[in-house]
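This is structure03.txt (compact mmCIF, C-alpha atoms and all ligand atoms).
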# COMPACT_ATOMS: atom_id res chain seq x y z
CA MET G 977 -40.70 14.03 -31.58
CA ARG G 978 -43.01 16.74 -30.30
CA ILE G 979 -46.66 15.79 -30.67
CA GLY G 980 -49.28 18.51 -30.44
CA ILE G 981 -52.76 18.03 -29.05
CA THR G 982 -55.25 20.69 -30.11
CA SER G 983 -57.57 21.61 -27.33
CA VAL G 984 -59.65 24.63 -26.50
CA SER G 985 -59.62 27.10 -23.67
CA ASN G 986 -63.26 26.92 -22.70
CA VAL G 987 -65.95 24.76 -21.19
CA LEU G 988 -65.32 21.90 -23.63
CA GLU G 989 -62.04 21.36 -21.87
CA GLU G 990 -63.73 19.87 -18.86
CA TRP G 991 -65.15 16.78 -20.56
CA ASN G 992 -62.22 16.66 -22.92
CA ALA G 993 -59.64 16.78 -20.11
CA LYS G 994 -59.47 13.05 -19.36
CA ASP G 995 -58.99 12.12 -23.02
CA VAL G 996 -56.26 14.73 -23.33
CA GLU G 997 -54.61 13.38 -20.17
CA ASP G 998 -54.65 9.85 -21.64
CA LEU G 999 -53.05 11.18 -24.83
CA ARG G 1000 -50.39 13.11 -22.92
CA ARG G 1001 -49.49 10.00 -20.93
CA ALA G 1002 -49.34 7.86 -24.06
CA ILE G 1003 -47.09 10.43 -25.77
CA VAL G 1004 -44.73 10.59 -22.79
CA SER G 1005 -44.54 6.81 -22.40
CA SER G 1006 -43.72 6.52 -26.12
CA GLY G 1007 -40.65 8.66 -25.41
CA ASN G 1008 -42.05 11.75 -27.11
CA VAL G 1009 -43.04 15.22 -25.92
CA PRO G 1010 -46.64 16.47 -25.78
CA GLU G 1011 -47.45 20.08 -26.64
CA MET G 1012 -50.86 21.62 -26.04
CA ILE G 1013 -52.11 23.71 -28.95
CA TYR G 1014 -55.07 26.00 -28.40
CA ALA G 1015 -56.88 26.50 -31.67
CA ASP G 1016 -58.64 29.56 -30.27
CA SER G 1017 -55.36 31.24 -29.38
CA MET G 1018 -53.22 30.58 -32.48
CA ASP G 1019 -51.43 33.13 -34.65
CA ILE G 1020 -50.19 32.21 -38.11
CA SER G 1021 -47.64 34.36 -39.90
CA LEU G 1022 -46.51 34.24 -43.50
CA SER G 1023 -43.12 35.67 -44.33
CA ASP G 1024 -40.77 34.94 -47.24
CA GLY G 1025 -42.41 31.59 -47.90
CA GLU G 1026 -42.14 30.56 -44.25
CA ILE G 1027 -45.25 29.73 -42.25
CA GLY G 1028 -44.88 30.46 -38.56
CA ALA G 1029 -47.27 29.59 -35.74
CA THR G 1030 -47.43 30.97 -32.23
CA GLN G 1031 -49.95 30.96 -29.43
CA SER G 1032 -50.59 32.58 -26.08
CA SER G 1033 -47.98 31.50 -23.56
CA GLU G 1034 -50.45 31.76 -20.67
CA ARG G 1035 -52.63 29.09 -22.23
CA ALA G 1036 -49.79 26.84 -23.31
CA SER G 1037 -47.45 27.00 -20.33
CA GLY G 1038 -49.14 29.05 -17.64
CA ALA G 1039 -46.05 31.29 -17.70
CA SER G 1040 -45.46 34.94 -18.51
CA SER G 1041 -47.50 36.81 -21.08
CA GLY G 1042 -46.54 36.95 -24.72
CA ARG G 1043 -46.65 34.61 -27.68
CA ILE G 1044 -44.66 31.41 -27.95
CA LYS G 1045 -43.79 29.28 -30.93
CA ILE G 1046 -45.77 26.14 -31.73
CA ARG G 1047 -43.13 23.51 -32.44
CA SER G 1048 -45.01 20.24 -32.95
CA ASP G 1049 -43.70 17.70 -35.48
CA ALA G 1050 -47.11 16.01 -35.66
CA ILE G 1051 -50.51 17.16 -34.42
CA LEU G 1052 -53.55 15.39 -33.04
CA LEU G 1053 -56.48 17.51 -34.14
CA ARG G 1054 -59.20 17.30 -31.50
CA HIS G 1055 -61.11 20.58 -31.32
CA LEU G 1056 -61.23 23.98 -32.98
CA GLY G 1057 -63.16 25.50 -30.08
CA THR G 1058 -66.54 27.11 -29.96
CA ILE G 1059 -67.29 28.74 -33.29
CA ARG G 1060 -69.41 31.89 -33.32
CA ASP G 1061 -68.53 33.36 -36.66
CA TYR G 1062 -67.82 32.07 -40.16
CA GLU G 1063 -64.48 33.91 -40.47
CA GLN G 1064 -63.42 32.74 -37.02
CA PHE G 1065 -64.14 29.21 -38.20
CA THR G 1066 -62.26 29.51 -41.50
CA PHE G 1067 -59.25 31.12 -39.77
CA ARG G 1068 -58.94 28.28 -37.26
CA LEU G 1069 -59.54 25.70 -39.97
CA PHE G 1070 -56.96 27.07 -42.42
CA GLY G 1071 -54.66 27.81 -39.48
CA MET G 1072 -54.66 24.07 -38.77
CA LYS G 1073 -54.33 23.42 -42.49
CA SER G 1074 -51.17 25.59 -42.55
CA PHE G 1075 -49.42 22.91 -40.46
CA GLU G 1076 -50.28 20.35 -43.13
CA GLU G 1077 -48.96 22.72 -45.81
CA LYS G 1078 -45.65 22.72 -43.93
CA GLY G 1079 -45.53 18.94 -44.10
CA ILE G 1080 -46.58 18.33 -40.49
CA TYR G 1081 -48.86 15.33 -40.20
CA VAL G 1082 -52.21 16.31 -38.72
CA MET G 1083 -54.37 13.44 -37.50
CA ASN G 1084 -57.10 13.23 -38.47
CA PRO G 1085 -56.26 15.21 -41.64
CA VAL G 1086 -57.97 18.60 -41.38
CA MET G 1087 -60.42 18.35 -44.28
CA ASN G 1088 -61.28 14.72 -43.53
CA TRP G 1089 -61.83 15.66 -39.91
CA LEU G 1090 -64.13 18.47 -41.03
CA VAL G 1091 -66.31 16.24 -43.20
CA ALA G 1092 -66.50 13.48 -40.60
CA THR G 1093 -67.51 15.82 -37.74
CA ASP G 1094 -70.44 17.04 -39.79
CA LYS G 1095 -73.40 14.68 -39.60
CA PHE G 1096 -74.57 15.66 -43.08
CA GLY G 1097 -71.13 15.78 -44.71
CA ALA G 1098 -70.25 12.35 -43.38
CA LEU G 1099 -73.52 10.71 -44.41
CA VAL G 1100 -73.32 12.11 -47.95
CA LYS G 1101 -69.90 10.57 -48.43
CA LEU G 1102 -70.77 7.24 -46.83
CA SER G 1103 -74.01 6.98 -48.76
CA ALA G 1104 -72.30 7.83 -52.08
CA ARG G 1105 -69.92 4.92 -51.49
CA GLY G 1106 -72.78 2.52 -50.88
CA LEU G 1107 -72.54 2.35 -47.11
CA PRO G 1108 -75.87 1.98 -45.28
CA VAL G 1109 -77.17 5.13 -43.58
CA PRO G 1110 -80.71 5.98 -42.42
CA GLU G 1111 -83.00 7.77 -44.86
CA THR G 1112 -82.30 11.46 -44.34
CA VAL G 1113 -83.55 14.79 -45.67
CA VAL G 1114 -81.69 18.05 -45.04
CA SER G 1115 -83.28 21.27 -46.19
CA GLU G 1116 -83.51 24.98 -45.50
CA HIS G 1117 -87.19 24.85 -46.38
CA MET G 1118 -89.50 24.02 -43.54
CA PHE G 1119 -92.21 22.63 -45.80
CA VAL G 1120 -89.77 20.11 -47.21
CA ALA G 1121 -88.87 19.08 -43.65
CA TYR G 1122 -92.59 18.95 -42.83
CA SER G 1123 -93.25 16.57 -45.74
CA ALA G 1124 -90.34 14.40 -44.64
CA VAL G 1125 -91.94 13.94 -41.21
CA LYS G 1126 -95.19 12.94 -42.92
CA ARG G 1127 -93.40 10.51 -45.22
CA PHE G 1128 -91.13 8.90 -42.58
CA LYS G 1129 -93.98 8.87 -39.97
CA GLU G 1130 -91.48 9.16 -37.13
CA VAL G 1131 -88.24 11.11 -37.31
CA VAL G 1132 -85.17 12.22 -35.44
CA VAL G 1133 -84.21 15.89 -35.88
CA LYS G 1134 -80.56 16.74 -35.25
CA PRO G 1135 -78.28 19.74 -35.19
CA LEU G 1136 -75.65 19.14 -37.90
CA ARG G 1137 -72.89 19.31 -35.34
CA SER G 1138 -74.45 18.01 -32.13
CA ALA G 1139 -72.68 15.84 -29.61
CA MET G 1140 -73.73 13.64 -26.71
CA GLY G 1141 -77.33 13.62 -27.85
CA PHE G 1142 -77.95 17.26 -26.91
CA GLY G 1143 -80.56 18.92 -29.11
CA VAL G 1144 -81.41 15.67 -30.89
CA PHE G 1145 -85.17 15.10 -30.68
CA ARG G 1146 -87.74 12.63 -31.88
CA VAL G 1147 -91.11 13.63 -33.29
CA SER G 1148 -93.94 12.02 -35.22
CA ASP G 1149 -96.49 14.79 -35.57
CA PRO G 1150 -95.48 17.05 -38.49
CA ASP G 1151 -97.42 19.98 -37.05
CA VAL G 1152 -95.65 19.77 -33.72
CA ALA G 1153 -92.35 19.50 -35.62
CA MET G 1154 -93.28 22.57 -37.68
CA HIS G 1155 -92.86 24.85 -34.64
CA SER G 1156 -89.19 23.93 -34.30
CA PHE G 1157 -88.72 23.99 -38.08
CA SER G 1158 -89.93 27.57 -38.27
CA THR G 1159 -87.62 28.54 -35.39
CA LEU G 1160 -84.67 26.86 -37.14
CA THR G 1161 -85.58 28.67 -40.37
CA ASN G 1162 -85.63 32.01 -38.54
CA MET G 1163 -82.15 31.22 -37.25
CA ASN G 1164 -80.94 30.39 -40.78
CA LYS G 1165 -80.28 26.80 -39.73
CA PRO G 1166 -80.65 23.91 -42.16
CA ILE G 1167 -83.08 21.27 -40.89
CA TYR G 1168 -81.79 17.71 -40.56
CA VAL G 1169 -84.60 15.15 -40.55
CA GLN G 1170 -83.89 11.44 -40.35
CA LYS G 1171 -86.18 8.45 -40.37
CA TYR G 1172 -86.48 7.06 -36.84
CA MET G 1173 -85.13 3.51 -36.71
CA GLU G 1174 -86.02 1.08 -33.94
CA LYS G 1175 -82.74 -0.30 -32.57
CA LYS G 1176 -82.36 -3.98 -31.73
CA GLY G 1177 -81.46 -4.41 -28.06
CA GLY G 1178 -82.44 -0.77 -27.39
CA GLY G 1179 -79.05 0.69 -28.13
CA ASP G 1180 -76.30 1.07 -30.67
CA TYR G 1181 -72.71 0.05 -31.27
CA ARG G 1182 -69.62 2.21 -31.07
CA VAL G 1183 -66.77 0.64 -32.95
CA VAL G 1184 -63.34 2.19 -32.42
CA VAL G 1185 -60.97 2.00 -35.37
CA VAL G 1186 -57.33 3.11 -35.39
CA GLY G 1187 -55.08 2.75 -38.42
CA GLY G 1188 -57.65 0.67 -40.29
CA GLU G 1189 -57.93 -1.88 -37.49
CA ILE G 1190 -60.59 -2.52 -34.88
CA VAL G 1191 -59.40 -1.50 -31.42
CA GLY G 1192 -62.60 -2.57 -29.71
CA ALA G 1193 -66.36 -2.17 -29.63
CA GLU G 1194 -69.05 -1.38 -27.12
CA PHE G 1195 -72.81 -1.68 -27.09
CA ARG G 1196 -74.50 1.26 -25.44
CA LYS G 1197 -77.91 0.39 -24.11
CA GLY G 1198 -79.96 3.53 -23.74
CA LYS G 1199 -82.11 4.55 -20.80
CA THR G 1200 -84.24 6.23 -23.44
CA TRP G 1201 -84.15 5.85 -27.24
CA LYS G 1202 -80.85 7.75 -27.19
CA SER G 1203 -77.74 5.69 -26.60
CA ASN G 1204 -75.34 8.41 -25.55
CA VAL G 1205 -73.51 7.73 -22.31
CA ALA G 1206 -74.12 11.42 -21.53
CA GLN G 1207 -77.87 10.60 -21.71
CA GLY G 1208 -77.60 7.75 -19.24
CA ALA G 1209 -76.81 4.87 -21.62
CA VAL G 1210 -74.79 2.03 -20.13
CA PRO G 1211 -71.85 0.84 -22.23
CA LYS G 1212 -70.78 -2.79 -22.36
CA GLY G 1213 -67.74 -4.19 -24.14
CA VAL G 1214 -68.65 -6.49 -27.05
CA LYS G 1215 -66.93 -8.22 -29.91
CA ALA G 1216 -67.89 -6.62 -33.21
CA ASP G 1217 -69.12 -9.22 -35.71
CA LYS G 1218 -67.66 -9.38 -39.21
CA GLU G 1219 -70.23 -7.10 -40.84
CA LEU G 1220 -70.03 -4.48 -38.09
CA SER G 1221 -66.24 -4.50 -38.22
CA GLU G 1222 -66.21 -4.15 -42.00
CA LEU G 1223 -68.67 -1.26 -41.91
CA ALA G 1224 -66.59 0.60 -39.34
CA ILE G 1225 -63.30 0.03 -41.17
CA ARG G 1226 -64.84 0.94 -44.51
CA SER G 1227 -66.33 4.16 -43.04
CA CYS G 1228 -62.86 5.23 -41.90
CA GLU G 1229 -61.43 4.37 -45.32
CA VAL G 1230 -64.09 6.34 -47.18
CA LEU G 1231 -63.71 9.36 -44.90
CA GLY G 1232 -59.91 9.15 -44.73
CA LEU G 1233 -59.77 8.83 -40.94
CA ASP G 1234 -56.78 7.45 -39.03
CA TYR G 1235 -58.93 7.02 -35.99
CA ALA G 1236 -62.61 7.35 -35.18
CA GLY G 1237 -65.53 5.96 -33.27
CA ILE G 1238 -68.20 4.78 -35.68
CA ASP G 1239 -71.77 4.59 -34.33
CA ILE G 1240 -73.89 1.89 -35.90
CA ALA G 1241 -77.42 0.76 -35.09
CA ASP G 1242 -78.75 -2.72 -35.75
CA THR G 1243 -82.25 -2.16 -37.17
CA ASP G 1244 -84.98 -4.18 -38.90
CA GLU G 1245 -83.49 -2.97 -42.18
CA GLY G 1246 -79.99 -4.10 -41.16
CA TYR G 1247 -77.03 -2.14 -39.88
CA ARG G 1248 -77.25 1.64 -40.30
CA ILE G 1249 -74.37 4.04 -39.68
CA LEU G 1250 -75.64 6.90 -37.54
CA GLU G 1251 -72.55 9.06 -37.23
CA THR G 1252 -68.77 9.11 -37.31
CA ASN G 1253 -66.71 10.64 -34.53
CA PRO G 1254 -63.20 11.65 -35.59
CA THR G 1255 -62.64 13.32 -32.18
CA LEU G 1256 -64.00 10.53 -30.11
CA SER G 1257 -64.15 10.60 -26.32
CA TRP G 1258 -63.29 7.25 -24.80
CA GLN G 1259 -63.78 7.42 -21.06
CA GLY G 1260 -66.98 5.29 -21.21
CA PHE G 1261 -65.41 2.95 -23.77
CA LYS G 1262 -62.31 2.53 -21.58
CA LYS G 1263 -64.39 1.50 -18.57
CA ALA G 1264 -66.56 -0.86 -20.60
CA THR G 1265 -63.80 -2.59 -22.56
CA GLY G 1266 -60.66 -2.06 -20.48
CA ILE G 1267 -59.02 -0.75 -23.66
CA ASN G 1268 -57.33 2.66 -23.75
CA PRO G 1269 -57.44 3.88 -27.38
CA ALA G 1270 -54.94 6.67 -26.59
CA LYS G 1271 -52.02 4.25 -26.86
CA CYS G 1272 -53.06 3.08 -30.34
CA ILE G 1273 -53.81 6.63 -31.46
CA VAL G 1274 -50.37 7.83 -30.42
CA ALA G 1275 -48.69 4.80 -32.04
CA GLN G 1276 -50.59 5.60 -35.24
CA ILE G 1277 -49.59 9.27 -35.38
CA ILE G 1278 -45.94 8.33 -34.80
CA ARG G 1279 -46.18 5.82 -37.65
CA LYS G 1280 -47.80 8.36 -39.99
CA ALA G 1281 -45.41 11.16 -39.05
CA LYS G 1282 -42.45 8.95 -39.97
CA GLU G 1283 -43.87 7.93 -43.36
N1 LIG G 1301 -82.29 7.71 -37.09
C1 LIG G 1301 -82.27 7.35 -35.82
N2 LIG G 1301 -83.15 6.42 -35.36
C2 LIG G 1301 -83.14 6.05 -34.06
N3 LIG G 1301 -82.31 6.56 -33.14
C3 LIG G 1301 -81.41 7.48 -33.54
C4 LIG G 1301 -81.34 7.92 -34.90
N4 LIG G 1301 -80.36 8.83 -34.99
C5 LIG G 1301 -79.84 8.97 -33.76
N5 LIG G 1301 -80.47 8.16 -32.88
C6 LIG G 1301 -80.16 8.03 -31.45
O1 LIG G 1301 -79.91 9.30 -30.92
C7 LIG G 1301 -78.63 9.37 -30.33
C8 LIG G 1301 -77.97 10.70 -30.69
O2 LIG G 1301 -77.87 10.83 -32.10
P1 LIG G 1301 -76.50 11.05 -32.85
O3 LIG G 1301 -76.78 11.16 -34.30
O4 LIG G 1301 -75.53 10.00 -32.46
O5 LIG G 1301 -76.03 12.49 -32.31
P2 LIG G 1301 -74.96 12.89 -31.17
O6 LIG G 1301 -73.81 13.44 -31.94
O7 LIG G 1301 -75.63 13.94 -30.37
O8 LIG G 1301 -74.59 11.67 -30.40
C9 LIG G 1301 -77.86 8.18 -30.86
O9 LIG G 1301 -77.05 7.64 -29.86
C10 LIG G 1301 -78.93 7.20 -31.31
O10 LIG G 1301 -79.16 6.20 -30.35
MG MG G 1302 -73.81 9.85 -31.27
Translate the structure described by the file into structure tokens.
Amino acid sequence: MRIGITSVSNVLEEWNAKDVEDLRRAIVSSGNVPEMIYADSMDISLSDGEIGATQSSERASGASSGRIKIRSDAILLRHLGTIRDYEQFTFRLFGMKSFEEKGIYVMNPVMNWLVATDKFGALVKLSARGLPVPETVVSEHMFVAYSAVKRFKEVVVKPLRSAMGFGVFRVSDPDVAMHSFSTLTNMNKPIYVQKYMEKKGGGDYRVVVVGGEIVGAEFRKGKTWKSNVAQGAVPKGVKADKELSELAIRSCEVLGLDYAGIDIADTDEGYRILETNPTLSWQGFKKATGINPAKCIVAQIIRKAKE
């Protein structure tokens, strides 16, 4: 079987490279063939009911110029690349979706991946199914965001699609917050305001789930209030207790994810799911737990592709 890995031909590649390498190795050692797919270099053609897909040969094989066929039998969806335009986004999204239309298993499924990568989209779905998430207000109106800061007393403001803690900030003075809210409004950005929750042990849990089962868990103790490894947090392998495990598994069920890293904080109000990562990076997790999720992820896509 040929298993595609969607990557991107830009700066993201650097921090993504080790995860991709782990996946490639796992695919090869399972007796299958990896194929790199560059979402920002794809062409999709429709002809007589056939859907064809090609991409730049330079990106895919380093060889001569021209376009070569994408021939994966199953695809691991990791990244769609940097998005700068709405139509660019929808093309790459529906381009990936065209593989699903052809009966190729994409993991995680495109639309589920989309919801889960969006901090707001994911929390709406989790919350609607009764899973515990922090109190959150998202609005395009800065005065609504302002009132939320007043009401919550201390908040965390996040970009809807941030990663590694970049751009996530904490603020308690609504008037200080108002300066960034007006900037966000001028940029046509929705404002995501979440009640700040004190985390027990000064960090949060990342629980890795593949195929509805716990692969492992880590506790990331932050240097600051942020527990991203990229922000200096130190990860330590832990055993997820029953409640933590159930929350992580249930989150994947609700969001329709075959694999994900679920971030959960233990707070005075109980466990709270902070975000779901359907394209998780596991280099820190691997060091902390000695577990390489790539093997389980590849085993899962093979299982699903054969169903
Ligand atoms: N509501 C919150 N209360 C307290 N800390 C938070 C809250 N939301 C996020 N954090 C902290 O900030 C970090 C980054 O936020 P997160 O939502 O995970 O975004 P990112 O995708 O950038 O990792 C998290 O690791 C967490 O420790
Ligand atoms: Mg996070």
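Using all atoms listed in the file for every distance, the candidate list G:Glu1219, G:Glu1194, G:Glu1111, G:Asp1149 yields G:Glu1111 as the residue closest to ligand LIG 1301 (chain G).
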Output as a tab-separated table one row per residue of chain G within 12 Å of ligand MG 1302 (chain G): the closest atom pair and its distance in Å to one decimal place, counting all atoms listed in the file, sorted by chain and residue number ascending.
residue	atom	partner	partner_atom	distance
G:Thr1093	CA	G:MG1302	MG	10.8
G:Asp1094	CA	G:MG1302	MG	11.6
G:Lys1095	CA	G:MG1302	MG	9.6
G:Lys1134	CA	G:MG1302	MG	10.4
G:Pro1135	CA	G:MG1302	MG	11.5
G:Leu1136	CA	G:MG1302	MG	11.6
G:Arg1137	CA	G:MG1302	MG	10.3
G:Ser1138	CA	G:MG1302	MG	8.2
G:Ala1139	CA	G:MG1302	MG	6.3
G:Met1140	CA	G:MG1302	MG	5.9
G:Gly1141	CA	G:MG1302	MG	6.2
G:Phe1142	CA	G:MG1302	MG	9.5
G:Gly1143	CA	G:MG1302	MG	11.5
G:Val1144	CA	G:MG1302	MG	9.6
G:Gly1179	CA	G:MG1302	MG	11.0
G:Asp1180	CA	G:MG1302	MG	9.1
G:Tyr1181	CA	G:MG1302	MG	9.9
G:Arg1182	CA	G:MG1302	MG	8.7
G:Val1183	CA	G:MG1302	MG	11.7
G:Arg1196	CA	G:MG1302	MG	10.4
G:Gly1198	CA	G:MG1302	MG	11.6
G:Trp1201	CA	G:MG1302	MG	11.8
G:Lys1202	CA	G:MG1302	MG	8.4
G:Ser1203	CA	G:MG1302	MG	7.4
G:Asn1204	CA	G:MG1302	MG	6.1
G:Val1205	CA	G:MG1302	MG	9.2
G:Ala1206	CA	G:MG1302	MG	9.9
G:Gln1207	CA	G:MG1302	MG	10.4
G:Ala1209	CA	G:MG1302	MG	11.3
G:Gly1237	CA	G:MG1302	MG	9.4
G:Ile1238	CA	G:MG1302	MG	8.8
G:Asp1239	CA	G:MG1302	MG	6.4
G:Ile1240	CA	G:MG1302	MG	9.2
G:Ala1241	CA	G:MG1302	MG	10.5
G:Ile1249	CA	G:MG1302	MG	10.2
G:Leu1250	CA	G:MG1302	MG	7.2
G:Glu1251	CA	G:MG1302	MG	6.1
G:Thr1252	CA	G:MG1302	MG	7.9
G:Asn1253	CA	G:MG1302	MG	7.9
G:Pro1254	CA	G:MG1302	MG	11.6
G:Thr1255	CA	G:MG1302	MG	11.7
G:Leu1256	CA	G:MG1302	MG	9.9
G:Ser1257	CA	G:MG1302	MG	10.9
Pull C-alpha atoms from the residues just selected and write them as a PDB file, in the coordinates of the input.
ATOM      1  CA  THR G1093     -67.510  15.820 -37.740  1.00  0.00           C
ATOM      2  CA  ASP G1094     -70.440  17.040 -39.790  1.00  0.00           C
ATOM      3  CA  LYS G1095     -73.400  14.680 -39.600  1.00  0.00           C
ATOM      4  CA  LYS G1134     -80.560  16.740 -35.250  1.00  0.00           C
ATOM      5  CA  PRO G1135     -78.280  19.740 -35.190  1.00  0.00           C
ATOM      6  CA  LEU G1136     -75.650  19.140 -37.900  1.00  0.00           C
ATOM      7  CA  ARG G1137     -72.890  19.310 -35.340  1.00  0.00           C
ATOM      8  CA  SER G1138     -74.450  18.010 -32.130  1.00  0.00           C
ATOM      9  CA  ALA G1139     -72.680  15.840 -29.610  1.00  0.00           C
ATOM     10  CA  MET G1140     -73.730  13.640 -26.710  1.00  0.00           C
ATOM     11  CA  GLY G1141     -77.330  13.620 -27.850  1.00  0.00           C
ATOM     12  CA  PHE G1142     -77.950  17.260 -26.910  1.00  0.00           C
ATOM     13  CA  GLY G1143     -80.560  18.920 -29.110  1.00  0.00           C
ATOM     14  CA  VAL G1144     -81.410  15.670 -30.890  1.00  0.00           C
ATOM     15  CA  GLY G1179     -79.050   0.690 -28.130  1.00  0.00           C
ATOM     16  CA  ASP G1180     -76.300   1.070 -30.670  1.00  0.00           C
ATOM     17  CA  TYR G1181     -72.710   0.050 -31.270  1.00  0.00           C
ATOM     18  CA  ARG G1182     -69.620   2.210 -31.070  1.00  0.00           C
ATOM     19  CA  VAL G1183     -66.770   0.640 -32.950  1.00  0.00           C
ATOM     20  CA  ARG G1196     -74.500   1.260 -25.440  1.00  0.00           C
ATOM     21  CA  GLY G1198     -79.960   3.530 -23.740  1.00  0.00           C
ATOM     22  CA  TRP G1201     -84.150   5.850 -27.240  1.00  0.00           C
ATOM     23  CA  LYS G1202     -80.850   7.750 -27.190  1.00  0.00           C
ATOM     24  CA  SER G1203     -77.740   5.690 -26.600  1.00  0.00           C
ATOM     25  CA  ASN G1204     -75.340   8.410 -25.550  1.00  0.00           C
ATOM     26  CA  VAL G1205     -73.510   7.730 -22.310  1.00  0.00           C
ATOM     27  CA  ALA G1206     -74.120  11.420 -21.530  1.00  0.00           C
ATOM     28  CA  GLN G1207     -77.870  10.600 -21.710  1.00  0.00           C
ATOM     29  CA  ALA G1209     -76.810   4.870 -21.620  1.00  0.00           C
ATOM     30  CA  GLY G1237     -65.530   5.960 -33.270  1.00  0.00           C
ATOM     31  CA  ILE G1238     -68.200   4.780 -35.680  1.00  0.00           C
ATOM     32  CA  ASP G1239     -71.770   4.590 -34.330  1.00  0.00           C
ATOM     33  CA  ILE G1240     -73.890   1.890 -35.900  1.00  0.00           C
ATOM     34  CA  ALA G1241     -77.420   0.760 -35.090  1.00  0.00           C
ATOM     35  CA  ILE G1249     -74.370   4.040 -39.680  1.00  0.00           C
ATOM     36  CA  LEU G1250     -75.640   6.900 -37.540  1.00  0.00           C
ATOM     37  CA  GLU G1251     -72.550   9.060 -37.230  1.00  0.00           C
ATOM     38  CA  THR G1252     -68.770   9.110 -37.310  1.00  0.00           C
ATOM     39  CA  ASN G1253     -66.710  10.640 -34.530  1.00  0.00           C
ATOM     40  CA  PRO G1254     -63.200  11.650 -35.590  1.00  0.00           C
ATOM     41  CA  THR G1255     -62.640  13.320 -32.180  1.00  0.00           C
ATOM     42  CA  LEU G1256     -64.000  10.530 -30.110  1.00  0.00           C
ATOM     43  CA  SER G1257     -64.150  10.600 -26.320  1.00  0.00           C
TER      44      SER G1257
END
- Query: Neighbours of region 1210-1218 of chain G within 6 Å (all atoms listed in the file; same-chain residues fewer than 4 positions away dropped), as number ranges by chain?
  - Reply: G: 1193-1197, 1264-1265
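With distances taken over only C-alpha atoms and all ligand atoms, G:Val1169 is the one residue among G:Leu1160, G:Ile979, G:Val1169, G:Leu999 lying closest to ligand LIG 1301 (chain G).
Taking CA of Gly1208 (chain G) and atom N5 of ligand LIG 1301 (chain G) as the two end points, the separation is 13.9 Å.
The environment of Pro1269 (chain G) within 8 Å, counting all atoms listed in the file and disregarding residues fewer than 5 places along the same chain, consists of Val1184, Val1191, Trp1258 and Lys1262 of chain G.
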- Message: Please determine, counting all atoms listed in the file, which residue among G:Ala1270, G:Leu1233, G:Val1082, G:Val1132 has the shortest atom-to-atom distance to ligand LIG 1301 (chain G).
- Response: G:Val1132
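For the pair CA of Gly1232 (chain G) and CA of Asn1088 (chain G), the interatomic distance is 5.9 Å.
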Find the spatial neighbours of region 1023-1029 of chain G, counting only C-alpha atoms, within a cut-off of 8 Å - ignore same-chain residues fewer than 5 positions away - and output them as a tab-separated table (two decimals) with C-alpha atoms, in the frame of the given file.
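The new file result.tsv reads:
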chain	number	residue	atom	x	y	z
G	1018	MET	CA	-53.22	30.58	-32.48
G	1045	LYS	CA	-43.79	29.28	-30.93
G	1046	ILE	CA	-45.77	26.14	-31.73
G	1074	SER	CA	-51.17	25.59	-42.55
G	1078	LYS	CA	-45.65	22.72	-43.93
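CA of Gly1057 (chain G) is found 9.7 Å from CA of Ser1017 (chain G).
Proximity to Gly1079 (chain G) was assessed for G:Gly1097, G:Ile1051, G:Val1091, G:Val1109 counting all atoms listed in the file; the smallest distance is recorded for G:Ile1051.
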Find the smallest box with edges along x, y and z containing every listed atom of ligand LIG 1301 (chain G), then add 8 Å on each side and report centre and edge lengths in Å to one decimal, as lines of an AutoDock Vina configuration file.
center_x = -78.5
center_y = 10.0
center_z = -33.5
size_x = 25.3
size_y = 23.9
size_z = 23.2
- Note on the structure: Using only C-alpha atoms and all ligand atoms, the residue out of G:Tyr1235, G:Phe1157, G:Phe1096, G:Phe1067 with shortest distance to ligand LIG 1301 (chain G) is G:Phe1096
- In terms of only C-alpha atoms, the residue from G:Ile1167, G:Val1152, G:Val1185, G:Val1147 at minimal distance from Val1120 (chain G) is G:Ile1167
Working from the structure I just supplied, which lacks atoms in region 1218-1225 of chain G, can you model N, CA and C atoms there and output them as an mmCIF file, in the frame of the given file?
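Result file follows (rebuild.cif):
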data_model
loop_
_atom_site.group_PDB
_atom_site.id
_atom_site.type_symbol
_atom_site.label_atom_id
_atom_site.label_comp_id
_atom_site.auth_asym_id
_atom_site.auth_seq_id
_atom_site.Cartn_x
_atom_site.Cartn_y
_atom_site.Cartn_z
ATOM 1 N N LYS G 1218 -68.398 -9.668 -37.977
ATOM 2 C CA LYS G 1218 -67.660 -9.380 -39.210
ATOM 3 C C LYS G 1218 -68.248 -8.172 -39.955
ATOM 4 N N GLU G 1219 -69.581 -8.167 -40.068
ATOM 5 C CA GLU G 1219 -70.230 -7.100 -40.840
ATOM 6 C C GLU G 1219 -70.036 -5.731 -40.181
ATOM 7 N N LEU G 1220 -70.198 -5.715 -38.855
ATOM 8 C CA LEU G 1220 -70.030 -4.480 -38.090
ATOM 9 C C LEU G 1220 -68.593 -3.960 -38.234
ATOM 10 N N SER G 1221 -67.650 -4.875 -38.106
ATOM 11 C CA SER G 1221 -66.240 -4.500 -38.220
ATOM 12 C C SER G 1221 -65.948 -3.936 -39.602
ATOM 13 N N GLU G 1222 -66.463 -4.606 -40.624
ATOM 14 C CA GLU G 1222 -66.210 -4.150 -42.000
ATOM 15 C C GLU G 1222 -66.812 -2.781 -42.260
ATOM 16 N N LEU G 1223 -68.016 -2.564 -41.723
ATOM 17 C CA LEU G 1223 -68.670 -1.260 -41.910
ATOM 18 C C LEU G 1223 -67.857 -0.146 -41.265
ATOM 19 N N ALA G 1224 -67.352 -0.422 -40.066
ATOM 20 C CA ALA G 1224 -66.590 0.600 -39.340
ATOM 21 C C ALA G 1224 -65.267 0.899 -40.061
ATOM 22 N N ILE G 1225 -64.591 -0.152 -40.481
ATOM 23 C CA ILE G 1225 -63.300 0.030 -41.170
ATOM 24 C C ILE G 1225 -63.500 0.754 -42.502
#
